[in-house]
Amino acid sequence: MKKLIIILTMLLSVSLLAGNNSSGVKLGVAAGYNYSDISKKDVIKDHGSLIWGFYVDIPLISTFNIVPSAMLYRVDYLGSDLVATDISISAKFKVPLAALTIYALGTGGLTQIQLSAKDGISPHVGVGVGASLNLVSNISFLGEGNYRIMLADNGNIKNYFLSVGILWGF
């Protein structure tokens, strides 16, 4: 436990020296956990799965970014294990501090999942919160939570995402 505290203190010290580099475009990768729920309990089980994806963090001003992303996860629908792909664009409202940036997201996009023969793409909307910690001047660690609703013909699917990842600025 003592070694962990020393390592965390060293990382925090290095990140405080790195400062806040929010001026350039950043590429990111994230992975985490997704929990899916639907309003019709007989159609889908409450289901958790791994979620992973990629995104680009594009700053427009020092406190506002646009973030296009692609996230993949699984949904148990009528006993079938289906893969869902979210293609989203988020408005990221952030509060940059010395080495830490906290932010809130508003998200919209499309989800590709074959729920029925005619239903392959559905819109989704959501909100999220997160924080990123600068490890060095161009690499940040992030943690994020999202709530998204996929608007499907057979009932809305609610998704709860918790993810961690790395941002690389250039």
# chains A, B, ... in the order shown; residues from 1 in each chain; ligands from 1
>>> residues_around(residues="A:Ile102", least_positions_apart="4", cutoff="8 Å", atoms="only C-alpha atoms", output="tab-separated table (two decimals) with C-alpha atoms, in the first residue's frame")
chain	number	residue	atom	x	y	z
A	94	LYS	CA	-14.83	21.54	-19.81
A	95	VAL	CA	-13.26	23.25	-16.82
A	96	PRO	CA	-9.45	23.14	-17.23
A	97	LEU	CA	-7.50	23.21	-13.97
A	129	VAL	CA	-19.32	13.47	-17.14
A	130	GLY	CA	-15.62	12.83	-16.91
A	131	ALA	CA	-12.15	13.99	-16.01
A	132	SER	CA	-8.74	13.84	-17.66
>>> residues_around(residues="stretch 140-153 of chain A", least_positions_apart="3", cutoff="6 Å", atoms="only C-alpha atoms", output="ChimeraX atom specification")
/A:122-135,156-167
>>> write_last_selection(atoms="N, CA and C atoms", output="mmCIF file, in the first residue's frame")
data_model
loop_
_atom_site.group_PDB
_atom_site.id
_atom_site.type_symbol
_atom_site.label_atom_id
_atom_site.label_comp_id
_atom_site.auth_asym_id
_atom_site.auth_seq_id
_atom_site.Cartn_x
_atom_site.Cartn_y
_atom_site.Cartn_z
ATOM 1 N N SER A 122 -30.481 2.923 -35.379
ATOM 2 C CA SER A 122 -31.360 3.692 -34.500
ATOM 3 C C SER A 122 -30.612 4.904 -33.959
ATOM 4 N N PRO A 123 -31.300 6.027 -33.764
ATOM 5 C CA PRO A 123 -30.640 7.186 -33.162
ATOM 6 C C PRO A 123 -30.447 6.986 -31.659
ATOM 7 N N HIS A 124 -29.469 7.679 -31.119
ATOM 8 C CA HIS A 124 -29.286 7.694 -29.666
ATOM 9 C C HIS A 124 -28.922 9.107 -29.211
ATOM 10 N N VAL A 125 -29.255 9.410 -27.958
ATOM 11 C CA VAL A 125 -28.907 10.675 -27.314
ATOM 12 C C VAL A 125 -28.415 10.352 -25.906
ATOM 13 N N GLY A 126 -27.615 11.253 -25.354
ATOM 14 C CA GLY A 126 -27.121 10.974 -24.015
ATOM 15 C C GLY A 126 -26.381 12.134 -23.392
ATOM 16 N N VAL A 127 -25.961 11.903 -22.151
ATOM 17 C CA VAL A 127 -25.182 12.867 -21.381
ATOM 18 C C VAL A 127 -24.054 12.112 -20.689
ATOM 19 N N GLY A 128 -23.043 12.850 -20.274
ATOM 20 C CA GLY A 128 -21.934 12.208 -19.586
ATOM 21 C C GLY A 128 -21.122 13.206 -18.781
ATOM 22 N N VAL A 129 -20.271 12.675 -17.917
ATOM 23 C CA VAL A 129 -19.319 13.473 -17.143
ATOM 24 C C VAL A 129 -17.995 12.726 -17.123
ATOM 25 N N GLY A 130 -16.917 13.474 -16.948
ATOM 26 C CA GLY A 130 -15.620 12.834 -16.909
ATOM 27 C C GLY A 130 -14.536 13.769 -16.436
ATOM 28 N N ALA A 131 -13.322 13.223 -16.392
ATOM 29 C CA ALA A 131 -12.148 13.995 -16.009
ATOM 30 C C ALA A 131 -10.940 13.421 -16.726
ATOM 31 N N SER A 132 -10.010 14.295 -17.085
ATOM 32 C CA SER A 132 -8.745 13.841 -17.655
ATOM 33 C C SER A 132 -7.602 14.449 -16.852
ATOM 34 N N LEU A 133 -6.558 13.655 -16.669
ATOM 35 C CA LEU A 133 -5.390 14.050 -15.898
ATOM 36 C C LEU A 133 -4.180 14.001 -16.813
ATOM 37 N N ASN A 134 -3.488 15.131 -16.968
ATOM 38 C CA ASN A 134 -2.291 15.166 -17.798
ATOM 39 C C ASN A 134 -1.173 14.405 -17.099
ATOM 40 N N LEU A 135 -0.654 13.371 -17.788
ATOM 41 C CA LEU A 135 0.475 12.616 -17.248
ATOM 42 C C LEU A 135 1.790 13.291 -17.636
ATOM 43 N N ASN A 156 -37.068 1.534 -26.087
ATOM 44 C CA ASN A 156 -35.805 2.241 -25.929
ATOM 45 C C ASN A 156 -34.832 1.435 -25.082
ATOM 46 N N ILE A 157 -33.587 1.359 -25.536
ATOM 47 C CA ILE A 157 -32.535 0.674 -24.787
ATOM 48 C C ILE A 157 -31.706 1.725 -24.074
ATOM 49 N N LYS A 158 -31.607 1.588 -22.757
ATOM 50 C CA LYS A 158 -30.797 2.504 -21.951
ATOM 51 C C LYS A 158 -29.427 1.873 -21.752
ATOM 52 N N ASN A 159 -28.383 2.641 -22.022
ATOM 53 C CA ASN A 159 -27.016 2.167 -21.838
ATOM 54 C C ASN A 159 -26.295 3.054 -20.840
ATOM 55 N N TYR A 160 -25.574 2.426 -19.938
ATOM 56 C CA TYR A 160 -24.754 3.118 -18.953
ATOM 57 C C TYR A 160 -23.313 2.691 -19.206
ATOM 58 N N PHE A 161 -22.437 3.626 -19.550
ATOM 59 C CA PHE A 161 -21.042 3.335 -19.864
ATOM 60 C C PHE A 161 -20.133 3.895 -18.776
ATOM 61 N N LEU A 162 -19.175 3.114 -18.335
ATOM 62 C CA LEU A 162 -18.065 3.581 -17.508
ATOM 63 C C LEU A 162 -16.792 3.183 -18.240
ATOM 64 N N SER A 163 -15.923 4.156 -18.528
ATOM 65 C CA SER A 163 -14.723 3.831 -19.298
ATOM 66 C C SER A 163 -13.522 4.625 -18.820
ATOM 67 N N VAL A 164 -12.362 4.077 -19.102
ATOM 68 C CA VAL A 164 -11.083 4.745 -18.855
ATOM 69 C C VAL A 164 -10.281 4.668 -20.144
ATOM 70 N N GLY A 165 -9.379 5.615 -20.321
ATOM 71 C CA GLY A 165 -8.598 5.617 -21.544
ATOM 72 C C GLY A 165 -7.423 6.556 -21.508
ATOM 73 N N ILE A 166 -6.796 6.672 -22.666
ATOM 74 C CA ILE A 166 -5.616 7.508 -22.858
ATOM 75 C C ILE A 166 -5.883 8.490 -24.005
ATOM 76 N N LEU A 167 -5.476 9.744 -23.820
ATOM 77 C CA LEU A 167 -5.523 10.757 -24.874
ATOM 78 C C LEU A 167 -4.093 11.081 -25.279
#
>>> select_by_dssp(residues="stretch 22-164 of chain A", states="strand (DSSP E or B)", output="VMD selection string")
chain A and resid 26 to 38 44 47 to 61 64 to 77 80 to 96 100 to 112 121 to 136 139 to 150 157 to 164
>>> atom_distance(atom1="atom CA of A:Asn138", atom2="atom CA of A:Leu27")
10.4 Å
>>> select_by_dssp(residues="chain A", states="alpha helix (DSSP H)", output="VMD selection string")
chain A and resid 2 to 18
>>> write_last_selection(atoms="C-alpha atoms", output="PDB file, in the first residue's frame")
ATOM      1  CA  LYS A   2       2.879   2.328   0.840  1.00  0.00           C
ATOM      2  CA  LYS A   3       4.446   1.726  -2.608  1.00  0.00           C
ATOM      3  CA  LEU A   4       1.139   2.514  -4.303  1.00  0.00           C
ATOM      4  CA  ILE A   5       0.901   5.832  -2.449  1.00  0.00           C
ATOM      5  CA  ILE A   6       4.471   6.703  -3.474  1.00  0.00           C
ATOM      6  CA  ILE A   7       3.768   5.844  -7.127  1.00  0.00           C
ATOM      7  CA  LEU A   8       0.531   7.869  -7.159  1.00  0.00           C
ATOM      8  CA  THR A   9       2.320  10.822  -5.533  1.00  0.00           C
ATOM      9  CA  MET A  10       5.057  10.674  -8.188  1.00  0.00           C
ATOM     10  CA  LEU A  11       2.512  10.535 -11.021  1.00  0.00           C
ATOM     11  CA  LEU A  12       0.608  13.478  -9.572  1.00  0.00           C
ATOM     12  CA  SER A  13       3.846  15.468  -9.194  1.00  0.00           C
ATOM     13  CA  VAL A  14       4.834  14.815 -12.815  1.00  0.00           C
ATOM     14  CA  SER A  15       1.326  15.672 -14.041  1.00  0.00           C
ATOM     15  CA  LEU A  16       1.324  18.965 -12.120  1.00  0.00           C
ATOM     16  CA  LEU A  17       4.547  19.903 -13.893  1.00  0.00           C
ATOM     17  CA  ALA A  18       3.004  18.937 -17.246  1.00  0.00           C
TER      18      ALA A  18
END
>>> closest_atom_pairs(of="stretch 97-163 of chain A", to="stretch 63-69 of chain A", cutoff="12 Å", atoms="only C-alpha atoms", output="CSV")
residue,atom,partner,partner_atom,distance
A:Leu97,CA,A:Thr63,CA,10.8
A:Thr101,CA,A:Thr63,CA,9.7
A:Ile102,CA,A:Thr63,CA,10.2
A:Tyr103,CA,A:Thr63,CA,8.9
A:Ala104,CA,A:Phe64,CA,9.9
A:Leu105,CA,A:Val67,CA,9.2
A:Gly106,CA,A:Ile66,CA,10.0
A:Thr107,CA,A:Val67,CA,9.0
A:Gly108,CA,A:Pro68,CA,9.8
A:Gly109,CA,A:Pro68,CA,9.4
A:Leu110,CA,A:Ser69,CA,10.9
A:Thr111,CA,A:Ser69,CA,11.7
>>> write_last_selection(atoms="N, CA and C atoms", output="PDB file, in the first residue's frame")
ATOM      1  N   LEU A  97      -8.213  22.818 -15.187  1.00  0.00           N
ATOM      2  CA  LEU A  97      -7.501  23.210 -13.975  1.00  0.00           C
ATOM      3  C   LEU A  97      -6.004  23.012 -14.252  1.00  0.00           C
ATOM      4  N   THR A 101      -8.643  18.228 -15.909  1.00  0.00           N
ATOM      5  CA  THR A 101      -9.754  18.865 -16.611  1.00  0.00           C
ATOM      6  C   THR A 101     -11.009  18.059 -16.318  1.00  0.00           C
ATOM      7  N   ILE A 102     -12.040  18.703 -15.788  1.00  0.00           N
ATOM      8  CA  ILE A 102     -13.318  18.039 -15.590  1.00  0.00           C
ATOM      9  C   ILE A 102     -14.259  18.526 -16.688  1.00  0.00           C
ATOM     10  N   TYR A 103     -15.206  17.668 -17.083  1.00  0.00           N
ATOM     11  CA  TYR A 103     -16.066  18.050 -18.200  1.00  0.00           C
ATOM     12  C   TYR A 103     -17.420  17.358 -18.142  1.00  0.00           C
ATOM     13  N   ALA A 104     -18.351  17.945 -18.893  1.00  0.00           N
ATOM     14  CA  ALA A 104     -19.686  17.376 -19.089  1.00  0.00           C
ATOM     15  C   ALA A 104     -19.903  17.250 -20.592  1.00  0.00           C
ATOM     16  N   LEU A 105     -20.667  16.220 -20.985  1.00  0.00           N
ATOM     17  CA  LEU A 105     -20.900  15.927 -22.401  1.00  0.00           C
ATOM     18  C   LEU A 105     -22.386  15.901 -22.721  1.00  0.00           C
ATOM     19  N   GLY A 106     -22.726  16.361 -23.905  1.00  0.00           N
ATOM     20  CA  GLY A 106     -24.026  16.125 -24.511  1.00  0.00           C
ATOM     21  C   GLY A 106     -23.755  15.359 -25.794  1.00  0.00           C
ATOM     22  N   THR A 107     -24.412  14.219 -25.995  1.00  0.00           N
ATOM     23  CA  THR A 107     -24.069  13.308 -27.092  1.00  0.00           C
ATOM     24  C   THR A 107     -25.281  12.988 -27.953  1.00  0.00           C
ATOM     25  N   GLY A 108     -25.044  12.851 -29.233  1.00  0.00           N
ATOM     26  CA  GLY A 108     -26.062  12.376 -30.171  1.00  0.00           C
ATOM     27  C   GLY A 108     -25.393  11.585 -31.269  1.00  0.00           C
ATOM     28  N   GLY A 109     -26.142  10.679 -31.880  1.00  0.00           N
ATOM     29  CA  GLY A 109     -25.564   9.890 -32.960  1.00  0.00           C
ATOM     30  C   GLY A 109     -26.457   8.752 -33.383  1.00  0.00           C
ATOM     31  N   LEU A 110     -25.841   7.770 -34.034  1.00  0.00           N
ATOM     32  CA  LEU A 110     -26.537   6.598 -34.539  1.00  0.00           C
ATOM     33  C   LEU A 110     -25.922   5.332 -33.969  1.00  0.00           C
ATOM     34  N   THR A 111     -26.773   4.341 -33.708  1.00  0.00           N
ATOM     35  CA  THR A 111     -26.329   3.028 -33.262  1.00  0.00           C
ATOM     36  C   THR A 111     -26.711   2.010 -34.314  1.00  0.00           C
TER      37      THR A 111
END
